Amino acid sequence: VSTQSTWGLCAALLAHGYCVTNLFPYVGWMIVDFGMVEHENQAGYFAGWIGGSFMFGRGFTSLFLGAFADIYGRRPIILLGAAAIALGSIGFGLSQTFWWAIMTRFLLGALNGVVSTSKTLASELTTDQYKQLAMSCVAGMWGAAMVLGPAMGGWLARPAVLHPEAFPADGLFGIYPYLLANIPGAVFALIGFVVLYFYLPETATQIRGRVPAEEEGQAVELAVVPSGNGDYDMAPLSDGDEPKVTEEPKPPDESTEEEGTGDEQTALRQATQPRQNLCQELCTKMLSPMKNGDSRTTVALYALHSFCSIFVNEVIGLWGISSIESGGLGLHTGQLGTIFAASGIAMFTYQMLVYPLIAASPWCLPTRLFCWARFLVCPLVLALPWVQHLADEEDTTPLMIATGGILMCYNMINVTCFTSSFVLQNNSTSAATRGSLNGFAMTLASITKAIGPVLGAPIYAWSVERPGGSPRPWPLNFHLCFVIAASVGLAVG
């Protein structure tokens, strides 16, 4: 694969991660500025819907986008996603009402197939020897987004409030206080779109029966033929010929074919069966991952881990801006952005330099890595709220160091879970249905990621209330959400 297309994929993934993470430090203040609540401690009752609306939109369309990627190719889907991020980020930055923010985030997610398509491309553009490294790069872009997203979101949001000397209240960024924080995501997406448009090759082996001819630049019909090494290739047919499959080697028997675990079985079946109409083909593609038990298991693990991850990140943002008296950290958006950036740098460094060495060990199979990492995450989540005892309005340095240190360890182990699950998913199916599987995984994960903020934010808001002027007892106080996340994570591991 060309260096240019690799950088284009990285830019698109970075843009996606940025638009998901940049609102963590300021989403609570958005609710306050929209006039939905009177105090930042109450922001959780509405903030989860803004974070969750993106995932609801993505869950609504990911299955269809994955199937379309198998039928029409990977390029159109990833280009659509990059364009949607560029336009949707600006639209969200212009939000001045709660419902406008909900609508733009929903559309941004609904038109976004970047992650699932990128995972498919990373697997198809590399050999088996480098698949773990390719998936590490995909997850590494999330690490980079965890550096840039919360940091730039915290530093650039509400500039007229944080930096009134440079940004007047009646200026563009005073009227639209969250526009500046969303411009970087749009820029990353635009760069990714341009580079991918010119340099990304199409990797889908069958695009509804027609592909560009290498020599003549025209569309030709394909047939499946044996390559001589036990595998199958696609070969062009001359005019008037009918698609056919040679007698040798013998087609697999029905029991093997029904399992659908090999590329050659899928290729033979598609060549010999009549062409389905678009609706039938979409349904077939979307349902095909459900036939494989290993695929179902890996997708379920990925979805549950995604729930735990987004649940914790949403709660940390709200916990960070809550008052010290209620159990929060009492930090402003810039301080939260700094903490997220420090932990993100550690995660990105680990993902790029350390994880490949771990994955290269024969003992560190993806299944083992996922289980052990999922188990180690739980005590870190339980330990995080205890740093609140260091909260001090006069000196926040010890609090920020302790919080950042725990988040560094948490994010490094967390990204190990994600990378391992990506590898397990792609290894559980054939190339012909890999796009549909990743689309199905993204659909289920998007649903759980949508539920995470919608569930976690109001639970946190309830836990920091002080009925009768007294805090709730442990674990029903501000520890509650962290206890819930650790319990679910332990069950997943």
# chains A, B, ... in the order shown; residues from 1 in each chain; ligands from 1
$ residues_around --residues "A:Ile183" --least-positions-apart "4" --cutoff "12 Å" --atoms "only C-alpha atoms" --output "PyMOL selection string"
chain A and resi 15+18-19+22+85-94+149+152-153+156-157+173+176-179+187-190
$ residues_around --residues "A:His305" --least-positions-apart "5" --cutoff "8 Å" --atoms "only C-alpha atoms" --output "VMD selection string"
chain A and resid 417 to 418 489 492
$ closest_atom_pairs --of "stretch 296-388 of chain A" --to "stretch 398-404 of chain A" --cutoff "10 Å" --atoms "only C-alpha atoms" --output "Markdown table"
| residue | atom | partner | partner_atom | distance |
| --- | --- | --- | --- | --- |
| A:Gly320 | CA | A:Thr403 | CA | 9.9 |
| A:Leu329 | CA | A:Leu399 | CA | 8.1 |
| A:Leu331 | CA | A:Met400 | CA | 9.2 |
| A:Gln335 | CA | A:Met400 | CA | 7.9 |
| A:Leu336 | CA | A:Met400 | CA | 8.4 |
| A:Thr338 | CA | A:Met400 | CA | 8.6 |
| A:Ile339 | CA | A:Gly404 | CA | 5.2 |
| A:Phe340 | CA | A:Gly404 | CA | 7.2 |
| A:Ala341 | CA | A:Gly404 | CA | 8.9 |
| A:Ala342 | CA | A:Gly404 | CA | 6.6 |
| A:Ser343 | CA | A:Gly404 | CA | 5.9 |
| A:Gly344 | CA | A:Gly404 | CA | 9.5 |
| A:Ala346 | CA | A:Gly404 | CA | 9.9 |
| A:Ala383 | CA | A:Thr403 | CA | 9.8 |
| A:Leu384 | CA | A:Thr403 | CA | 6.9 |
| A:Pro385 | CA | A:Thr403 | CA | 8.7 |
| A:Trp386 | CA | A:Thr403 | CA | 9.4 |
| A:Val387 | CA | A:Thr403 | CA | 6.5 |
| A:Gln388 | CA | A:Leu399 | CA | 7.3 |
$ residues_around --residues "A:Gly44" --least-positions-apart "2" --cutoff "12 Å" --atoms "only C-alpha atoms" --output "ChimeraX atom specification"
/A:24,26-32,36-42,46-51,314-322,453-465,481
$ closest_residue --among "A:Ala303, A:Ala486, A:Ile358, A:Ala169" --to "A:Val381" --atoms "only C-alpha atoms"
A:Ala486
$ closest_residue --among "A:Cys364, A:Val114, A:Val147, A:Ile324" --to "A:Asp392" --atoms "only C-alpha atoms"
A:Ile324
$ select_by_dssp --residues "stretch 375-420 of chain A" --states "alpha helix (DSSP H)" --output "PyMOL selection string"
chain A and resi 375-383+397-420
$ write_last_selection --atoms "N, CA, C and O atoms" --output "short mmCIF file (atom, residue, chain, number, x, y, z; two decimals), in the first residue's frame"
data_model
loop_
_atom_site.label_atom_id
_atom_site.label_comp_id
_atom_site.auth_asym_id
_atom_site.auth_seq_id
_atom_site.Cartn_x
_atom_site.Cartn_y
_atom_site.Cartn_z
N PHE A 375 -9.14 -7.62 32.65
CA PHE A 375 -9.08 -7.87 34.09
C PHE A 375 -8.31 -6.77 34.81
O PHE A 375 -8.70 -6.32 35.89
N LEU A 376 -7.21 -6.27 34.21
CA LEU A 376 -6.38 -5.26 34.86
C LEU A 376 -7.02 -3.87 34.85
O LEU A 376 -6.66 -3.02 35.68
N VAL A 377 -7.93 -3.62 33.93
CA VAL A 377 -8.58 -2.32 33.87
C VAL A 377 -9.44 -2.05 35.12
O VAL A 377 -9.51 -0.92 35.61
N CYS A 378 -10.06 -3.09 35.64
CA CYS A 378 -11.05 -2.92 36.71
C CYS A 378 -10.49 -2.24 37.96
O CYS A 378 -11.09 -1.28 38.46
N PRO A 379 -9.36 -2.69 38.54
CA PRO A 379 -8.84 -2.01 39.73
C PRO A 379 -8.45 -0.56 39.47
O PRO A 379 -8.56 0.28 40.38
N LEU A 380 -8.03 -0.24 38.26
CA LEU A 380 -7.69 1.14 37.94
C LEU A 380 -8.93 2.03 37.94
O LEU A 380 -8.89 3.17 38.42
N VAL A 381 -10.03 1.52 37.41
CA VAL A 381 -11.29 2.28 37.42
C VAL A 381 -11.76 2.50 38.85
O VAL A 381 -12.22 3.60 39.21
N LEU A 382 -11.64 1.49 39.71
CA LEU A 382 -12.06 1.63 41.10
C LEU A 382 -11.16 2.60 41.87
O LEU A 382 -11.63 3.30 42.80
N ALA A 383 -9.89 2.67 41.50
CA ALA A 383 -8.95 3.55 42.21
C ALA A 383 -9.12 5.01 41.82
O ALA A 383 -8.79 5.91 42.62
N THR A 397 -2.06 20.89 41.41
CA THR A 397 -0.99 20.08 40.80
C THR A 397 -1.00 18.63 41.30
O THR A 397 -0.95 17.70 40.47
N PRO A 398 -1.03 18.36 42.62
CA PRO A 398 -1.05 16.94 43.05
C PRO A 398 -2.25 16.18 42.51
O PRO A 398 -2.12 15.01 42.11
N LEU A 399 -3.40 16.84 42.48
CA LEU A 399 -4.61 16.19 41.96
C LEU A 399 -4.45 15.85 40.49
O LEU A 399 -4.78 14.74 40.05
N MET A 400 -3.92 16.79 39.70
CA MET A 400 -3.77 16.56 38.27
C MET A 400 -2.75 15.46 37.99
O MET A 400 -2.92 14.65 37.08
N ILE A 401 -1.66 15.42 38.77
CA ILE A 401 -0.64 14.38 38.58
C ILE A 401 -1.21 13.00 38.90
O ILE A 401 -1.01 12.04 38.14
N ALA A 402 -1.92 12.89 40.01
CA ALA A 402 -2.48 11.59 40.40
C ALA A 402 -3.54 11.12 39.41
O ALA A 402 -3.55 9.95 38.98
N THR A 403 -4.43 12.03 39.02
CA THR A 403 -5.48 11.67 38.05
C THR A 403 -4.86 11.29 36.71
O THR A 403 -5.25 10.27 36.10
N GLY A 404 -3.90 12.08 36.25
CA GLY A 404 -3.25 11.78 34.98
C GLY A 404 -2.49 10.46 35.01
O GLY A 404 -2.50 9.71 34.04
N GLY A 405 -1.83 10.15 36.14
CA GLY A 405 -1.10 8.89 36.24
C GLY A 405 -1.99 7.68 36.13
O GLY A 405 -1.67 6.71 35.42
N ILE A 406 -3.12 7.70 36.84
CA ILE A 406 -4.06 6.57 36.76
C ILE A 406 -4.66 6.46 35.37
O ILE A 406 -4.80 5.36 34.80
N LEU A 407 -5.00 7.62 34.77
CA LEU A 407 -5.58 7.58 33.42
C LEU A 407 -4.57 7.08 32.39
O LEU A 407 -4.95 6.43 31.41
N MET A 408 -3.29 7.37 32.59
CA MET A 408 -2.27 6.84 31.68
C MET A 408 -2.29 5.31 31.67
O MET A 408 -2.34 4.67 30.61
N CYS A 409 -2.25 4.73 32.86
CA CYS A 409 -2.27 3.26 32.96
C CYS A 409 -3.57 2.70 32.41
O CYS A 409 -3.58 1.70 31.68
N TYR A 410 -4.67 3.35 32.75
CA TYR A 410 -5.98 2.89 32.29
C TYR A 410 -6.06 2.89 30.75
O TYR A 410 -6.49 1.91 30.13
N ASN A 411 -5.63 3.99 30.13
CA ASN A 411 -5.74 4.10 28.68
C ASN A 411 -4.82 3.12 27.95
O ASN A 411 -5.18 2.59 26.90
N MET A 412 -3.64 2.86 28.49
CA MET A 412 -2.73 1.91 27.85
C MET A 412 -3.31 0.50 27.86
O MET A 412 -3.25 -0.22 26.86
N ILE A 413 -3.88 0.11 28.99
CA ILE A 413 -4.47 -1.23 29.07
C ILE A 413 -5.77 -1.28 28.27
O ILE A 413 -6.08 -2.28 27.61
N ASN A 414 -6.51 -0.18 28.28
CA ASN A 414 -7.77 -0.11 27.56
C ASN A 414 -7.57 -0.29 26.06
O ASN A 414 -8.32 -1.01 25.39
N VAL A 415 -6.53 0.37 25.51
CA VAL A 415 -6.30 0.27 24.07
C VAL A 415 -5.81 -1.12 23.69
O VAL A 415 -6.01 -1.57 22.54
N THR A 416 -5.19 -1.84 24.62
CA THR A 416 -4.81 -3.23 24.36
C THR A 416 -6.06 -4.08 24.13
O THR A 416 -6.07 -4.96 23.25
N CYS A 417 -7.09 -3.83 24.92
CA CYS A 417 -8.36 -4.55 24.73
C CYS A 417 -8.94 -4.29 23.35
O CYS A 417 -9.36 -5.22 22.65
N PHE A 418 -8.95 -3.03 22.95
CA PHE A 418 -9.53 -2.69 21.65
C PHE A 418 -8.74 -3.33 20.50
O PHE A 418 -9.31 -3.92 19.58
N THR A 419 -7.42 -3.19 20.55
CA THR A 419 -6.59 -3.74 19.46
C THR A 419 -6.75 -5.25 19.35
O THR A 419 -6.88 -5.80 18.25
N SER A 420 -6.75 -5.94 20.48
CA SER A 420 -6.91 -7.39 20.47
C SER A 420 -8.27 -7.79 19.91
O SER A 420 -8.38 -8.76 19.15
#
$ atom_distance --atom1 "atom CA of A:Arg296" --atom2 "atom CA of A:Phe440"
9.6 Å
$ atom_distance --atom1 "atom CA of A:Ala11" --atom2 "atom CA of A:Tyr199"
13.2 Å
